[in-house]
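Just structure_30.pdb here, PDB, C-alpha atoms:
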ATOM      1  CA  MET I 270     112.496  53.621  63.550
ATOM      2  CA  GLY I 271     112.995  50.639  65.776
ATOM      3  CA  SER I 272     110.168  51.784  67.988
ATOM      4  CA  ALA I 273     107.769  52.093  65.023
ATOM      5  CA  LEU I 274     108.606  48.554  63.844
ATOM      6  CA  THR I 275     107.857  47.228  67.272
ATOM      7  CA  ARG I 276     104.440  48.897  67.216
ATOM      8  CA  ARG I 277     103.621  47.345  63.833
ATOM      9  CA  GLN I 278     104.643  43.940  65.067
ATOM     10  CA  VAL I 279     102.491  44.349  68.156
ATOM     11  CA  LEU I 280      99.543  45.602  66.100
ATOM     12  CA  GLY I 281      99.882  42.640  63.717
ATOM     13  CA  SER I 282      99.891  40.220  66.626
ATOM     14  CA  VAL I 283      96.751  41.796  68.074
ATOM     15  CA  LEU I 284      94.888  41.600  64.724
ATOM     16  CA  SER I 285      95.890  37.971  64.338
ATOM     17  CA  VAL I 286      94.450  37.137  67.746
ATOM     18  CA  LEU I 287      91.226  39.012  66.981
ATOM     19  CA  CYS I 288      90.748  37.194  63.644
ATOM     20  CA  VAL I 289      91.339  33.794  65.181
ATOM     21  CA  GLY I 290      88.914  34.355  68.066
ATOM     22  CA  GLY I 291      86.282  36.336  66.147
ATOM     23  CA  THR I 292      83.791  35.433  63.476
ATOM     24  CA  GLY I 293      83.844  38.457  61.226
ATOM     25  CA  CYS I 294      87.293  38.178  59.606
ATOM     26  CA  ALA I 295      87.525  37.004  56.029
ATOM     27  CA  SER I 296      90.471  34.840  55.152
ATOM     28  CA  THR I 297      92.142  35.109  51.772
ATOM     29  CA  PRO I 298      93.002  31.745  50.232
ATOM     30  CA  PRO I 299      96.515  31.340  48.978
ATOM     31  CA  THR I 300      97.043  32.150  45.345
ATOM     32  CA  SER I 301      98.241  29.196  43.291
ATOM     33  CA  GLY I 302      97.994  30.762  39.873
ATOM     34  CA  ARG I 303      94.802  28.767  38.989
ATOM     35  CA  THR I 304      91.247  30.027  38.882
ATOM     36  CA  ALA I 305      89.090  28.425  41.586
ATOM     37  CA  GLN I 306      85.978  26.550  40.338
ATOM     38  CA  ASN I 307      82.906  25.341  42.169
ATOM     39  CA  THR I 308      82.626  21.575  41.740
ATOM     40  CA  THR I 309      79.444  19.592  42.466
ATOM     41  CA  LEU I 310      80.027  15.967  43.299
ATOM     42  CA  HIS I 311      77.548  13.457  41.906
ATOM     43  CA  PRO I 312      77.318   9.878  43.181
ATOM     44  CA  PRO I 313      78.302   7.315  40.589
ATOM     45  CA  SER I 314      75.349   6.134  38.526
ATOM     46  CA  VAL I 315      74.182   2.609  39.159
ATOM     47  CA  ASP I 316      72.062   0.801  36.608
ATOM     48  CA  SER I 317      68.706  -0.297  37.992
ATOM     49  CA  PRO I 318      68.457  -4.061  38.219
ATOM     50  CA  SER I 319      66.300  -5.684  35.581
ATOM     51  CA  LEU I 320      62.854  -6.769  36.689
ATOM     52  CA  SER I 321      63.776 -10.390  36.286
ATOM     53  CA  THR I 322      66.337 -10.082  39.108
ATOM     54  CA  THR I 323      63.673  -8.692  41.461
ATOM     55  CA  ILE I 324      61.168 -11.520  40.987
ATOM     56  CA  PRO I 325      61.466 -14.050  43.795
ATOM     57  CA  PRO I 326      61.868 -17.480  42.186
ATOM     58  CA  ALA I 327      59.279 -18.913  44.551
ATOM     59  CA  THR I 328      56.583 -16.728  42.924
ATOM     60  CA  VAL I 329      57.224 -18.048  39.413
ATOM     61  CA  THR I 330      55.114 -20.969  38.207
ATOM     62  CA  SER I 331      56.218 -23.008  35.238
ATOM     63  CA  TYR I 332      53.686 -23.378  32.444
ATOM     64  CA  ARG I 333      54.225 -27.129  32.674
ATOM     65  CA  ASP I 334      53.046 -27.093  36.290
ATOM     66  CA  LEU I 335      49.655 -25.660  35.357
ATOM     67  CA  SER I 336      46.723 -28.013  34.986
ATOM     68  CA  HIS I 337      45.509 -28.724  31.466
ATOM     69  CA  GLU I 338      42.639 -26.287  31.952
ATOM     70  CA  GLY I 339      45.090 -23.722  33.325
ATOM     71  CA  GLN I 340      47.349 -24.086  30.292
ATOM     72  CA  VAL I 341      44.421 -23.637  27.906
ATOM     73  CA  LEU I 342      43.229 -20.535  29.771
ATOM     74  CA  PHE I 343      46.769 -19.100  29.944
ATOM     75  CA  GLU I 344      47.209 -19.476  26.185
ATOM     76  CA  THR I 345      43.872 -17.730  25.705
ATOM     77  CA  LEU I 346      45.212 -14.927  27.895
ATOM     78  CA  LEU I 347      48.348 -14.646  25.768
ATOM     79  CA  ALA I 348      46.195 -14.276  22.676
ATOM     80  CA  GLN I 349      43.685 -11.797  24.130
ATOM     81  CA  GLY I 350      45.564 -10.051  26.940
ATOM     82  CA  THR I 351      42.497  -9.775  29.203
ATOM     83  CA  ILE I 352      39.538 -12.094  29.718
ATOM     84  CA  GLU I 353      36.629 -12.489  32.126
ATOM     85  CA  ARG I 354      35.547 -15.865  33.460
ATOM     86  CA  PRO I 355      33.227 -17.224  36.183
ATOM     87  CA  ALA I 356      35.257 -17.810  39.331
ATOM     88  CA  ASP I 357      34.619 -21.545  39.400
ATOM     89  CA  THR I 358      36.000 -21.958  35.878
ATOM     90  CA  VAL I 359      39.428 -20.480  36.729
ATOM     91  CA  PRO I 360      41.777 -23.345  37.739
ATOM     92  CA  SER I 361      43.411 -22.808  41.116
ATOM     93  CA  THR I 362      46.875 -23.480  39.651
ATOM     94  CA  LEU I 363      46.439 -20.408  37.465
ATOM     95  CA  GLU I 364      44.523 -18.210  39.910
ATOM     96  CA  ASP I 365      47.192 -18.682  42.596
ATOM     97  CA  ALA I 366      50.127 -17.957  40.257
ATOM     98  CA  GLU I 367      51.824 -14.541  40.428
ATOM     99  CA  TYR I 368      54.172 -15.110  37.502
ATOM    100  CA  VAL I 369      54.173 -17.771  34.798
ATOM    101  CA  GLN I 370      57.263 -18.846  32.879
ATOM    102  CA  PHE I 371      56.438 -19.809  29.312
ATOM    103  CA  GLU I 372      58.835 -20.436  26.392
ATOM    104  CA  GLY I 373      61.740 -18.573  28.008
ATOM    105  CA  SER I 374      59.722 -15.525  29.112
ATOM    106  CA  ILE I 375      58.133 -14.564  32.418
ATOM    107  CA  TYR I 376      54.616 -13.131  32.491
ATOM    108  CA  ALA I 377      52.932 -11.259  35.338
ATOM    109  CA  LEU I 378      49.441 -12.608  35.980
ATOM    110  CA  THR I 379      46.720 -10.459  37.545
ATOM    111  CA  VAL I 380      43.419 -11.867  38.800
ATOM    112  CA  LYS I 381      40.866  -9.311  40.006
ATOM    113  CA  PHE I 382      37.364  -9.410  41.453
ATOM    114  CA  ILE I 383      34.916  -7.277  39.492
ATOM    115  CA  ASP I 384      31.506  -6.006  40.501
ATOM    116  CA  GLN I 385      29.607  -8.441  38.345
ATOM    117  CA  MET I 386      27.832 -11.728  38.980
ATOM    118  CA  LEU I 387      26.654 -14.489  36.686
ATOM    119  CA  ALA I 388      23.159 -15.871  37.336
ATOM    120  CA  GLU I 389      22.846 -19.648  37.473
ATOM    121  CA  TYR I 390      19.519 -21.449  37.762
ATOM    122  CA  THR I 391      19.194 -25.048  38.907
ATOM    123  CA  LEU I 392      16.014 -27.090  38.443
ATOM    124  CA  ARG I 393      15.301 -30.189  40.529
ATOM    125  CA  THR I 394      12.236 -32.443  40.551
ATOM    126  CA  THR I 395      10.701 -34.434  43.408
ATOM    127  CA  PRO I 396       7.763 -36.872  43.003
ATOM    128  CA  VAL I 397       4.875 -36.010  45.329
ATOM    129  CA  SER I 398       1.345 -37.157  45.961
ATOM    130  CA  ALA I 399      -1.306 -35.465  43.840
ATOM    131  CA  SER I 400      -3.135 -34.602  47.041
ATOM    132  CA  GLU I 401      -0.331 -32.196  47.958
ATOM    133  CA  VAL I 402      -1.308 -29.904  45.101
ATOM    134  CA  ASP I 403      -3.554 -27.255  46.625
ATOM    135  CA  ASP I 404      -4.100 -25.242  43.461
ATOM    136  CA  ASP I 405      -4.418 -27.192  40.244
ATOM    137  CA  THR I 406      -3.473 -24.106  38.252
ATOM    138  CA  GLU I 407       0.042 -24.561  39.594
ATOM    139  CA  ARG I 408       0.283 -27.918  37.830
ATOM    140  CA  VAL I 409       0.932 -28.433  34.115
ATOM    141  CA  ASP I 410       0.881 -31.597  32.038
ATOM    142  CA  PHE I 411       4.167 -32.650  30.467
ATOM    143  CA  ASP I 412       2.553 -32.822  27.006
ATOM    144  CA  ALA I 413       1.590 -29.148  27.283
ATOM    145  CA  LEU I 414       5.192 -28.045  27.780
ATOM    146  CA  SER I 415       7.279 -26.442  25.062
ATOM    147  CA  THR I 416      10.151 -28.365  23.517
ATOM    148  CA  ASP I 417      12.717 -26.515  25.656
ATOM    149  CA  ALA I 418      10.684 -27.029  28.825
ATOM    150  CA  LYS I 419      10.300 -30.748  28.112
ATOM    151  CA  ALA I 420      14.055 -31.127  27.579
ATOM    152  CA  ALA I 421      14.886 -29.255  30.793
ATOM    153  CA  PHE I 422      12.355 -31.240  32.820
ATOM    154  CA  LYS I 423      13.543 -34.625  31.540
ATOM    155  CA  ASP I 424      17.156 -33.586  32.121
ATOM    156  CA  ALA I 425      16.353 -32.784  35.760
ATOM    157  CA  LEU I 426      14.349 -36.001  36.070
ATOM    158  CA  THR I 427      17.159 -38.151  34.669
ATOM    159  CA  ASP I 428      20.306 -36.452  36.023
ATOM    160  CA  GLY I 429      18.895 -35.104  39.269
ATOM    161  CA  GLN I 430      19.104 -31.470  38.169
ATOM    162  CA  HIS I 431      19.164 -29.168  35.170
ATOM    163  CA  THR I 432      21.410 -26.077  35.267
ATOM    164  CA  VAL I 433      21.630 -23.019  33.020
ATOM    165  CA  ARG I 434      24.008 -20.048  33.250
ATOM    166  CA  GLY I 435      23.496 -16.586  31.902
ATOM    167  CA  GLU I 436      19.912 -17.349  30.928
ATOM    168  CA  THR I 437      16.637 -18.255  32.574
ATOM    169  CA  LEU I 438      14.723 -21.517  32.645
ATOM    170  CA  PRO I 439      11.828 -22.041  30.229
ATOM    171  CA  PRO I 440       8.910 -19.821  31.360
ATOM    172  CA  GLN I 441       6.480 -22.761  31.747
ATOM    173  CA  LEU I 442       8.720 -24.323  34.377
ATOM    174  CA  VAL I 443       9.150 -21.011  36.186
ATOM    175  CA  GLY I 444       5.406 -20.298  36.130
ATOM    176  CA  HIS I 445       4.327 -23.682  37.530
ATOM    177  CA  ARG I 446       5.217 -25.550  40.696
ATOM    178  CA  TYR I 447       4.256 -29.029  39.486
ATOM    179  CA  VAL I 448       4.502 -31.126  36.339
ATOM    180  CA  ARG I 449       2.350 -34.214  35.778
ATOM    181  CA  TYR I 450       4.388 -36.785  33.888
ATOM    182  CA  GLU I 451       3.313 -40.375  33.099
ATOM    183  CA  GLY I 452       0.755 -40.413  35.913
ATOM    184  CA  THR I 453       3.118 -38.963  38.556
ATOM    185  CA  THR I 454       3.153 -35.408  39.854
ATOM    186  CA  HIS I 455       6.585 -33.855  40.285
ATOM    187  CA  HIS I 456       7.324 -30.824  42.425
ATOM    188  CA  LEU I 457       9.661 -28.306  40.761
ATOM    189  CA  GLU I 458      12.386 -26.739  42.875
ATOM    190  CA  ILE I 459      14.264 -23.823  41.344
ATOM    191  CA  ALA I 460      17.386 -22.396  42.963
ATOM    192  CA  LEU I 461      19.217 -19.237  41.942
ATOM    193  CA  PHE I 462      22.968 -18.947  42.440
ATOM    194  CA  GLU I 463      25.204 -15.980  41.690
ATOM    195  CA  ILE I 464      28.709 -16.809  40.495
ATOM    196  CA  PRO I 465      31.376 -14.061  40.915
ATOM    197  CA  ILE I 466      33.324 -13.042  37.833
ATOM    198  CA  ARG I 467      37.129 -12.887  37.673
ATOM    199  CA  LYS I 468      39.041 -10.538  35.372
ATOM    200  CA  LEU I 469      42.393 -11.994  34.319
ATOM    201  CA  SER I 470      45.179 -10.166  32.530
ATOM    202  CA  VAL I 471      48.749 -11.063  31.602
ATOM    203  CA  GLU I 472      51.822  -8.994  30.692
ATOM    204  CA  LYS I 473      55.339 -10.006  29.742
ATOM    205  CA  VAL I 474      57.869  -8.690  32.256
ATOM    206  CA  SER I 475      61.095 -10.495  31.418
ATOM    207  CA  THR I 476      62.769 -12.619  28.762
TER     208      THR I 476
END

Final structure tokens representation of the file:
Amino acid sequence: MGSALTRRQVLGSVLSVLCVGGTGCASTPPTSGRTAQNTTLHPPSVDSPSLSTTIPPATVTSYRDLSHEGQVLFETLLAQGTIERPADTVPSTLEDAEYVQFEGSIYALTVKFIDQMLAEYTLRTTPVSASEVDDDTERVDFDALSTDAKAAFKDALTDGQHTVRGETLPPQLVGHRYVRYEGTTHHLEIALFEIPIRKLSVEKVST
């Protein structure tokens, strides 16, 4: 009897050593009288900060700091949402603004280049000697001009130039190089410029 007990004790000691040093033994958790449950831990939820807290104050322009033209254009944007304007008609105070604060709200301003140009024609006149006219068919008398051509010519003669956008000059001025006016021959110089178009849009992002 005593010898058998000693063998069991020895056998138990050997199994304990094998389980501790090996990798194939399964351990049985102690029984506490409760059913074990798998529990997945979730990190505590954190509310995303409002957009207003992520806008650097240095990027916000007050409506009052816009030029008068910028204020007028911004109010047009508020009414229409999106507008297109020639680049040289967009005030720099508005074009450079990322956000505009107006009546307690902050608006994101977007200014984009679009693949579109606006044609602008400029007419200038220079008095020359009649002898410089090689082909008389290139010269037209002022009295033979249409009403629109007369107005454009006199505007260029008086102000130094006549400019139109989005339309062409009167055909008689385009088709002739010289105009004879009150005994003097004037050389017509026509220049074409292309003005890039800006697309502006605005969206409220914070109140």

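Take the candidates I:Gly429, I:Pro396, I:Pro440, I:Pro465 and check each one against Leu414 in chain I using all atoms listed in the file; the shortest distance goes to I:Pro440.
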
When the PyMOL selection byres ((chain I and resi 408) around 6) is applied to the structure above, which residues does it catch, written out as a PyMOL selection string?
chain I and resi 405-407+409+445+447-448

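Counting from CA of Val329 in chain I, the distance to CA of Ile352 in chain I is 21.0 Å.
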
Starting from the shown file, work through the PyMOL selection byres ((chain I and resi 459) around 8) and note down what comes out as a short mmCIF file (atom, residue, chain, number, x, y, z; two decimals) with C-alpha atoms, in the frame of the given file.
data_model
loop_
_atom_site.label_atom_id
_atom_site.label_comp_id
_atom_site.auth_asym_id
_atom_site.auth_seq_id
_atom_site.Cartn_x
_atom_site.Cartn_y
_atom_site.Cartn_z
CA TYR I 390 19.52 -21.45 37.76
CA THR I 391 19.19 -25.05 38.91
CA LEU I 392 16.01 -27.09 38.44
CA ARG I 393 15.30 -30.19 40.53
CA VAL I 443 9.15 -21.01 36.19
CA LEU I 457 9.66 -28.31 40.76
CA GLU I 458 12.39 -26.74 42.88
CA ALA I 460 17.39 -22.40 42.96
CA LEU I 461 19.22 -19.24 41.94
#

Since I can't run it myself right now, could you work out what the PyMOL selection byres ((chain I and resi 417) around 10) selects here and report it as a list in words?
Leu414, Ser415, Thr416, Ala418, Lys419, Ala420, Ala421, Phe422, Leu438, Pro439, Pro440, Gln441 and Leu442 of chain I

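A straight line drawn from CA of Ser374 in chain I to CA of Val341 in chain I is 17.4 Å long.
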
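The nearest approach to Val471 in chain I among the residues I:Gln370, I:Ser361, I:Thr351, I:Thr394, with all atoms listed in the file taken into account, belongs to I:Thr351.
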
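Note that the spacing between CA of Glu472 in chain I and CA of Thr358 in chain I amounts to 21.1 Å.
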
Pick out the residues sitting within 10 Å of Glu436 in chain I, and hand them over as an mmCIF file with C-alpha atoms, in the coordinates of the input; count all atoms listed in the file, and ignore anything fewer than 4 positions along from it in its own chain.
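The result, stored in out.cif:
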data_model
loop_
_atom_site.group_PDB
_atom_site.id
_atom_site.type_symbol
_atom_site.label_atom_id
_atom_site.label_comp_id
_atom_site.auth_asym_id
_atom_site.auth_seq_id
_atom_site.Cartn_x
_atom_site.Cartn_y
_atom_site.Cartn_z
ATOM 1 C CA LEU I 387 26.654 -14.489 36.686
ATOM 2 C CA ALA I 388 23.159 -15.871 37.336
ATOM 3 C CA GLU I 389 22.846 -19.648 37.473
ATOM 4 C CA TYR I 390 19.519 -21.449 37.762
ATOM 5 C CA THR I 432 21.410 -26.077 35.267
#

Do a neighbour search on Met386 in chain I at 6 Å with only C-alpha atoms, toss out local chain neighbours closer than 5 positions, and write the hits as a PyMOL selection string.
chain I and resi 463-466

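Residue nearest Ser470 in chain I within the list I:Ala348, I:Ser331, I:Ile324, I:Thr379: I:Thr379 [criterion: smallest interatomic distance, only C-alpha atoms].
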
With distances taken over all atoms listed in the file, the candidate from I:Lys423, I:Val474, I:Thr323, I:Tyr368 nearest Glu451 in chain I is I:Lys423

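Nearest to Glu353 in chain I of all the residues I:Lys381, I:Arg446, I:His455, I:His431 is I:Lys381, counting all atoms listed in the file.
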
At a cut-off of 10 Å around the point (56.6, -19.8, 24.8) (file coordinates), what residues fall inside when counting all atoms listed in the file? I'd like the answer as a PDB file with C-alpha atoms, keeping the file's coordinate frame.
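The new file out.pdb reads:
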ATOM      1  CA  TYR I 332      53.686 -23.378  32.444  1.00  0.00           C
ATOM      2  CA  GLU I 344      47.209 -19.476  26.185  1.00  0.00           C
ATOM      3  CA  LEU I 347      48.348 -14.646  25.768  1.00  0.00           C
ATOM      4  CA  GLN I 370      57.263 -18.846  32.879  1.00  0.00           C
ATOM      5  CA  PHE I 371      56.438 -19.809  29.312  1.00  0.00           C
ATOM      6  CA  GLU I 372      58.835 -20.436  26.392  1.00  0.00           C
ATOM      7  CA  GLY I 373      61.740 -18.573  28.008  1.00  0.00           C
ATOM      8  CA  SER I 374      59.722 -15.525  29.112  1.00  0.00           C
ATOM      9  CA  ILE I 375      58.133 -14.564  32.418  1.00  0.00           C
TER      10      ILE I 375
END

Where atoms are lacking, range 403-421 of chain I completed to N, CA and C atoms, as a PDB file, in the coordinates of the input:
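For reference, out_24.pdb as written:
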ATOM      1  N   ASP I 403      -2.407 -28.013  46.135  1.00  0.00           N
ATOM      2  CA  ASP I 403      -3.554 -27.255  46.625  1.00  0.00           C
ATOM      3  C   ASP I 403      -4.289 -26.548  45.496  1.00  0.00           C
ATOM      4  N   ASP I 404      -3.517 -26.009  44.569  1.00  0.00           N
ATOM      5  CA  ASP I 404      -4.100 -25.242  43.461  1.00  0.00           C
ATOM      6  C   ASP I 404      -3.722 -25.931  42.157  1.00  0.00           C
ATOM      7  N   ASP I 405      -4.712 -26.443  41.462  1.00  0.00           N
ATOM      8  CA  ASP I 405      -4.418 -27.192  40.244  1.00  0.00           C
ATOM      9  C   ASP I 405      -3.848 -26.313  39.138  1.00  0.00           C
ATOM     10  N   THR I 406      -4.034 -25.001  39.271  1.00  0.00           N
ATOM     11  CA  THR I 406      -3.473 -24.106  38.252  1.00  0.00           C
ATOM     12  C   THR I 406      -1.951 -24.059  38.337  1.00  0.00           C
ATOM     13  N   GLU I 407      -1.406 -24.534  39.451  1.00  0.00           N
ATOM     14  CA  GLU I 407       0.042 -24.561  39.594  1.00  0.00           C
ATOM     15  C   GLU I 407       0.656 -25.802  38.951  1.00  0.00           C
ATOM     16  N   ARG I 408      -0.206 -26.680  38.440  1.00  0.00           N
ATOM     17  CA  ARG I 408       0.283 -27.918  37.830  1.00  0.00           C
ATOM     18  C   ARG I 408       0.048 -27.862  36.324  1.00  0.00           C
ATOM     19  N   VAL I 409       1.026 -28.396  35.569  1.00  0.00           N
ATOM     20  CA  VAL I 409       0.932 -28.433  34.115  1.00  0.00           C
ATOM     21  C   VAL I 409       1.291 -29.829  33.646  1.00  0.00           C
ATOM     22  N   ASP I 410       0.577 -30.288  32.610  1.00  0.00           N
ATOM     23  CA  ASP I 410       0.881 -31.597  32.038  1.00  0.00           C
ATOM     24  C   ASP I 410       2.153 -31.522  31.194  1.00  0.00           C
ATOM     25  N   PHE I 411       2.925 -32.593  31.233  1.00  0.00           N
ATOM     26  CA  PHE I 411       4.167 -32.650  30.467  1.00  0.00           C
ATOM     27  C   PHE I 411       3.913 -32.398  28.986  1.00  0.00           C
ATOM     28  N   ASP I 412       2.832 -32.967  28.435  1.00  0.00           N
ATOM     29  CA  ASP I 412       2.553 -32.822  27.006  1.00  0.00           C
ATOM     30  C   ASP I 412       2.258 -31.385  26.610  1.00  0.00           C
ATOM     31  N   ALA I 413       1.899 -30.547  27.583  1.00  0.00           N
ATOM     32  CA  ALA I 413       1.590 -29.148  27.283  1.00  0.00           C
ATOM     33  C   ALA I 413       2.834 -28.258  27.321  1.00  0.00           C
ATOM     34  N   LEU I 414       3.955 -28.822  27.707  1.00  0.00           N
ATOM     35  CA  LEU I 414       5.192 -28.045  27.780  1.00  0.00           C
ATOM     36  C   LEU I 414       5.778 -27.796  26.401  1.00  0.00           C
ATOM     37  N   SER I 415       6.535 -26.717  26.293  1.00  0.00           N
ATOM     38  CA  SER I 415       7.279 -26.442  25.062  1.00  0.00           C
ATOM     39  C   SER I 415       8.424 -27.433  24.923  1.00  0.00           C
ATOM     40  N   THR I 416       9.035 -27.444  23.755  1.00  0.00           N
ATOM     41  CA  THR I 416      10.151 -28.365  23.517  1.00  0.00           C
ATOM     42  C   THR I 416      11.288 -28.120  24.504  1.00  0.00           C
ATOM     43  N   ASP I 417      11.632 -26.847  24.729  1.00  0.00           N
ATOM     44  CA  ASP I 417      12.717 -26.515  25.656  1.00  0.00           C
ATOM     45  C   ASP I 417      12.360 -26.908  27.090  1.00  0.00           C
ATOM     46  N   ALA I 418      11.112 -26.683  27.474  1.00  0.00           N
ATOM     47  CA  ALA I 418      10.684 -27.029  28.825  1.00  0.00           C
ATOM     48  C   ALA I 418      10.695 -28.537  29.025  1.00  0.00           C
ATOM     49  N   LYS I 419      10.273 -29.289  28.017  1.00  0.00           N
ATOM     50  CA  LYS I 419      10.300 -30.748  28.112  1.00  0.00           C
ATOM     51  C   LYS I 419      11.733 -31.250  28.291  1.00  0.00           C
ATOM     52  N   ALA I 420      12.657 -30.694  27.511  1.00  0.00           N
ATOM     53  CA  ALA I 420      14.055 -31.127  27.579  1.00  0.00           C
ATOM     54  C   ALA I 420      14.648 -30.819  28.951  1.00  0.00           C
ATOM     55  N   ALA I 421      14.359 -29.633  29.481  1.00  0.00           N
ATOM     56  CA  ALA I 421      14.886 -29.255  30.793  1.00  0.00           C
ATOM     57  C   ALA I 421      14.305 -30.139  31.890  1.00  0.00           C
TER      58      ALA I 421
END
